[in-house]
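S.K.: Provided herewith is a single structure, encoded as C-alpha cells, for subsequent inquiry.
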Amino acid sequence: MRTGAAAQHRGYYHVGLRYDTDDELLAVVVPFLLSGVEAGEPTFVALGERTGGLVRAALPPDSGVRFLPGGDVYARPAAAIRSYRELLAEQVAAGAAQIRIIGELPATAFGVTWDWWARYESAINHAYDDFPLWSMCAYDTRTTPAAVLADVARTHPRFAAADGRHVPSDDWTPPETFLREDRPIPPDPIQETPPTVVLVEPTPAQARSAVYDADRGQLKEDDVEDLVVAVSEIVTNALRHGRAPVCLRLWAGEDRIVVSVSDAGPGPLDPYAGLLPASHGAPGGLGLWITYQSCSHVSLRRGPDGFTLRLTAGNPG
C-alpha cells in the first residue's frame, strides 16, 4: 500500500522541487525521506556532493536512507533511464509497494546539452510509469537558468511546496506532445566553419571511415569507437527509414568531433526513440537507443526540410 501524497496514485508520481534556499530544500526533502523509511519503503538520495552533504547532515545517524552516486547516475539520459529502471525493478521484485527517490541533475546538464536532459525529464513520465515510484527532482532557482526552469514546469506534472502541498504545474505538457516538438537547438560553434567532410547518400562503411579519418588524437580510443558505431547506426537508419537525400556532415575540432546526419523524412514516429529501447519493433529505434548511450551529446531537429540528428563525441561545449 502506498503512503503520502502518492497514496491514491498508480504508477509514477513525478514531482518537481524548486527551492530558493538550502533551508527550503531540507524542509521538503528530510520529511519526504524519513516518512518513506518509517513506512518501510526503499528510500534513495541521488544528489550532488554539496546538496547530498546537506541532506546527509540533516538526517539522523543510521536513518535508513540510501545514497546513490548522483554524478554516475546522470552520465547520459538513456543510461540514467536504464539504470533507474533496473533499480526500480529490483525493489519491486523484493516486495516494495512504493519507492522514494530525491535526485538532481548536475549543473553541467543546464548548458548546451540541456535539450536532451529536457527530453529525459519528459520521457521518464512514461519510462517509470511501470513502477510505484514517488520521486522529487530538485532545482535550485538561484543557479538554474530561466529557460531550464520553464522546461521543468512543462515536464513535471506537479511541484512540492515547503508546507507539504503538491501543486499542479500550470505549464504541464504530456510527453507525447513535448517530445514531438521541434525545439530550436543552438548550433555547435564548430559548425560555423565549413565541415571537414560532406557525404551524400553515404554507405555505413564510408561513414565509419570518415570518423576514423577525422580522429587526430582529440578523443579517447573508446570514444572514437563509440562514435563510429553511432554514426554507422544512424546512417543505416536514415538510408532504410528516411527519405533521400541522406547527407552526412562532419566537423573535427581540438576536443571533439561533431557529425550531423540528415534526411528529408519526418524522423522516428516513436516520441521516446533514443531514450527507451524500440517499442513494438519500431523502425530504427534500437540504433537510436544505442546512439544515445554512445555519444557525449545527441540533439535532434524536426523541420519542414526533414530530420537531422547531431552527434557529438568529446567535449560537447
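In the C-alpha cells, the first chain shown is A, the next is B, and so on; residue numbers restart at 1 for each chain, and ligands run from 1 in the order shown.
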Mind checking which residues fall within 10 Å of Gly95 (chain A), counting only C-alpha atoms, ignoring those fewer than 4 positions away in the same chain, and posting them as a PyMOL selection string?

M.R.: chain A and resi 41-42+89-91

S.K.: Set the distance at 8 Å and use only C-alpha atoms: which residues neighbour Ser232 (chain A) once local chain neighbours fewer than 2 positions away are removed? I'd like the list as a count of residues only.

M.R.: 10

S.K.: If we count only C-alpha atoms and set the cut-off at 8 Å, which residues sit around Arg119 (chain A), ignoring sequence neighbours fewer than 3 positions away in its own chain? Please answer as a PDB file with all heavy atoms, in the first residue's frame.

M.R.:
```pdb
ATOM      1  N   ASP A 115      18.986  20.219 -23.960  1.00  0.00           N
ATOM      2  CA  ASP A 115      17.888  19.718 -24.792  1.00  0.00           C
ATOM      3  C   ASP A 115      17.626  18.239 -24.561  1.00  0.00           C
ATOM      4  O   ASP A 115      16.477  17.810 -24.475  1.00  0.00           O
ATOM      5  CB  ASP A 115      18.165  19.993 -26.277  1.00  0.00           C
ATOM      6  CG  ASP A 115      19.457  19.356 -26.758  1.00  0.00           C
ATOM      7  OD1 ASP A 115      20.529  19.802 -26.316  1.00  0.00           O
ATOM      8  OD2 ASP A 115      19.412  18.421 -27.571  1.00  0.00           O
ATOM      9  N   TRP A 116      18.701  17.424 -24.443  1.00  0.00           N
ATOM     10  CA  TRP A 116      18.414  16.006 -24.236  1.00  0.00           C
ATOM     11  C   TRP A 116      18.062  15.695 -22.792  1.00  0.00           C
ATOM     12  O   TRP A 116      17.358  14.724 -22.520  1.00  0.00           O
ATOM     13  CB  TRP A 116      19.490  15.096 -24.822  1.00  0.00           C
ATOM     14  CG  TRP A 116      20.824  14.936 -24.149  1.00  0.00           C
ATOM     15  CD1 TRP A 116      21.399  15.720 -23.212  1.00  0.00           C
ATOM     16  CD2 TRP A 116      21.755  13.860 -24.419  1.00  0.00           C
ATOM     17  NE1 TRP A 116      22.645  15.230 -22.881  1.00  0.00           N
ATOM     18  CE2 TRP A 116      22.882  14.088 -23.606  1.00  0.00           C
ATOM     19  CE3 TRP A 116      21.744  12.755 -25.258  1.00  0.00           C
ATOM     20  CZ2 TRP A 116      23.995  13.238 -23.626  1.00  0.00           C
ATOM     21  CZ3 TRP A 116      22.850  11.919 -25.267  1.00  0.00           C
ATOM     22  CH2 TRP A 116      23.950  12.161 -24.463  1.00  0.00           C
ATOM     23  N   SER A 122      10.967  14.758 -19.539  1.00  0.00           N
ATOM     24  CA  SER A 122       9.651  14.495 -20.096  1.00  0.00           C
ATOM     25  C   SER A 122       9.411  12.996 -20.255  1.00  0.00           C
ATOM     26  O   SER A 122       8.369  12.471 -19.856  1.00  0.00           O
ATOM     27  CB  SER A 122       9.513  15.192 -21.459  1.00  0.00           C
ATOM     28  OG  SER A 122       8.247  14.952 -22.029  1.00  0.00           O
ATOM     29  N   ALA A 123      10.387  12.296 -20.811  1.00  0.00           N
ATOM     30  CA  ALA A 123      10.211  10.880 -21.132  1.00  0.00           C
ATOM     31  C   ALA A 123      10.027  10.005 -19.906  1.00  0.00           C
ATOM     32  O   ALA A 123       9.330   8.985 -19.965  1.00  0.00           O
ATOM     33  CB  ALA A 123      11.402  10.376 -21.942  1.00  0.00           C
ATOM     34  N   PHE A 178       5.342  17.041 -25.845  1.00  0.00           N
ATOM     35  CA  PHE A 178       6.627  17.708 -25.620  1.00  0.00           C
ATOM     36  C   PHE A 178       7.718  17.103 -26.497  1.00  0.00           C
ATOM     37  O   PHE A 178       8.518  17.837 -27.116  1.00  0.00           O
ATOM     38  CB  PHE A 178       7.008  17.590 -24.141  1.00  0.00           C
ATOM     39  CG  PHE A 178       8.246  18.345 -23.754  1.00  0.00           C
ATOM     40  CD1 PHE A 178       8.160  19.648 -23.300  1.00  0.00           C
ATOM     41  CD2 PHE A 178       9.501  17.748 -23.831  1.00  0.00           C
ATOM     42  CE1 PHE A 178       9.300  20.360 -22.938  1.00  0.00           C
ATOM     43  CE2 PHE A 178      10.645  18.443 -23.468  1.00  0.00           C
ATOM     44  CZ  PHE A 178      10.546  19.756 -23.020  1.00  0.00           C
ATOM     45  N   LEU A 179       7.780  15.781 -26.571  1.00  0.00           N
ATOM     46  CA  LEU A 179       8.874  15.115 -27.272  1.00  0.00           C
ATOM     47  C   LEU A 179       8.758  15.214 -28.784  1.00  0.00           C
ATOM     48  O   LEU A 179       9.739  14.970 -29.496  1.00  0.00           O
ATOM     49  CB  LEU A 179       8.938  13.649 -26.852  1.00  0.00           C
ATOM     50  CG  LEU A 179       9.290  13.401 -25.384  1.00  0.00           C
ATOM     51  CD1 LEU A 179       9.143  11.925 -25.037  1.00  0.00           C
ATOM     52  CD2 LEU A 179      10.702  13.880 -25.077  1.00  0.00           C
TER      53      LEU A 179
END
```

S.K.: Using only C-alpha atoms, which protein or nucleic acid residues come within 7 Å of region 17-26 of chain A? Drop anything in the same chain fewer than 6 positions from it, and give the result as a list in words.

M.R.: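 Using only C-alpha atoms, the neighbours found are Val55, Met136, Cys137, Ala138, Tyr139, Asp140, Thr141, Arg142, Phe159, Ala160 and Ala162 of chain A.
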
S.K.: I want to know what sits within 12 Å of Leu59 (chain A), based on only C-alpha atoms, with residues of the same chain fewer than 5 positions away left out; could you give that as an mmCIF file with C-alpha atoms, in the first residue's frame?

M.R.:
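Below is the file that was written, out_36.cif:
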```
data_model
loop_
_atom_site.group_PDB
_atom_site.id
_atom_site.type_symbol
_atom_site.label_atom_id
_atom_site.label_comp_id
_atom_site.auth_asym_id
_atom_site.auth_seq_id
_atom_site.Cartn_x
_atom_site.Cartn_y
_atom_site.Cartn_z
ATOM 1 C CA LEU A 26 15.751 20.477 3.639
ATOM 2 C CA ALA A 27 12.234 21.406 4.774
ATOM 3 C CA VAL A 29 13.370 16.618 1.462
ATOM 4 C CA VAL A 30 14.024 15.488 5.040
ATOM 5 C CA PRO A 31 10.348 14.724 5.898
ATOM 6 C CA PHE A 32 9.932 13.082 2.485
ATOM 7 C CA LEU A 33 12.838 10.736 3.162
ATOM 8 C CA LEU A 34 12.144 9.968 6.814
ATOM 9 C CA SER A 35 8.462 9.247 6.244
ATOM 10 C CA VAL A 37 11.809 4.954 5.819
ATOM 11 C CA VAL A 45 19.070 10.084 -2.464
ATOM 12 C CA GLY A 52 23.788 15.482 -0.826
ATOM 13 C CA GLY A 53 26.067 16.538 2.012
ATOM 14 C CA LEU A 54 23.437 18.946 3.331
ATOM 15 C CA GLY A 64 17.964 4.000 6.662
ATOM 16 C CA VAL A 65 18.146 6.340 3.671
ATOM 17 C CA ARG A 66 20.396 5.020 0.896
ATOM 18 C CA PHE A 67 22.646 7.368 -1.082
#
```

S.K.: For a test of reading the model, state the distance in Å between CA of Ile290 (chain A) and CA of Ser209 (chain A), rounded to one decimal.

M.R.: 19.2 Å

S.K.: Which residues in region 91-212 of chain A does DSSP call strand (DSSP E or B)? List them as a list of chain:residue names.

M.R.: A:Ile99, A:Arg100, A:Ile101, A:Ile102, A:Gly103, A:Leu133, A:Trp134, A:Ser135, A:Met136, A:Cys137, A:Ala138, A:Tyr139, A:Asp140, A:Arg158, A:Phe159, A:Ala160, A:His166, A:Val167, A:Pro168, A:Val197, A:Val198, A:Leu199, A:Val200

S.K.: State, in Å with one decimal place, the distance from CA of Val197 (chain A) to CA of Ala273 (chain A).

M.R.: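 These two atoms are separated by 27.1 Å.
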
S.K.: Would you mind writing down, as a PyMOL selection string, each residue of region 48-217 of chain A that DSSP on the backbone assigns to alpha helix (DSSP H)?

M.R.: chain A and resi 49-58+70-73+77-93+114-127+146-155+175-178+204-214

S.K.: Excluding Thr291 (chain A) and any residue of its chain fewer than 4 positions from it, enumerate the residues within 10 Å of it, using only C-alpha atoms, and give them as JSON, numbers by chain.

M.R.: {"A": [78, 226, 227, 228, 229, 230, 231, 232, 233, 234, 274, 275, 285, 286, 287, 295, 296, 297, 298, 311]}

S.K.: Please produce a file of those selected residues containing C-alpha atoms, as a PDB file, in the first residue's frame.

M.R.:
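Result file result21.pdb:
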```pdb
ATOM      1  CA  ALA A  78      19.331   6.900 -21.817  1.00  0.00           C
ATOM      2  CA  ASP A 226      31.551   4.608 -29.795  1.00  0.00           C
ATOM      3  CA  LEU A 227      31.112   7.402 -32.337  1.00  0.00           C
ATOM      4  CA  VAL A 228      31.913   5.036 -35.195  1.00  0.00           C
ATOM      5  CA  VAL A 229      29.156   2.676 -34.020  1.00  0.00           C
ATOM      6  CA  ALA A 230      26.695   5.537 -33.504  1.00  0.00           C
ATOM      7  CA  VAL A 231      27.316   7.128 -36.918  1.00  0.00           C
ATOM      8  CA  SER A 232      27.029   3.763 -38.640  1.00  0.00           C
ATOM      9  CA  GLU A 233      23.686   3.079 -36.914  1.00  0.00           C
ATOM     10  CA  ILE A 234      22.253   6.496 -37.747  1.00  0.00           C
ATOM     11  CA  GLY A 274      16.614   7.043 -28.284  1.00  0.00           C
ATOM     12  CA  LEU A 275      15.677   7.347 -24.630  1.00  0.00           C
ATOM     13  CA  GLY A 285      14.564   2.527 -32.590  1.00  0.00           C
ATOM     14  CA  LEU A 286      17.335   0.219 -31.446  1.00  0.00           C
ATOM     15  CA  GLY A 287      20.007   2.081 -33.405  1.00  0.00           C
ATOM     16  CA  CYS A 295      27.782   9.807 -27.627  1.00  0.00           C
ATOM     17  CA  SER A 296      28.575  12.735 -25.338  1.00  0.00           C
ATOM     18  CA  HIS A 297      25.517  14.555 -26.705  1.00  0.00           C
ATOM     19  CA  VAL A 298      22.763  13.831 -29.208  1.00  0.00           C
ATOM     20  CA  LEU A 311      26.130  13.530 -32.641  1.00  0.00           C
TER      21      LEU A 311
END
```

S.K.: How far is it from CA of Asn315 (chain A) to CA of Asp151 (chain A), in Å with one decimal?

M.R.: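 Atom-to-atom, CA of Asn315 (chain A) and CA of Asp151 (chain A) are spaced 23.9 Å apart.
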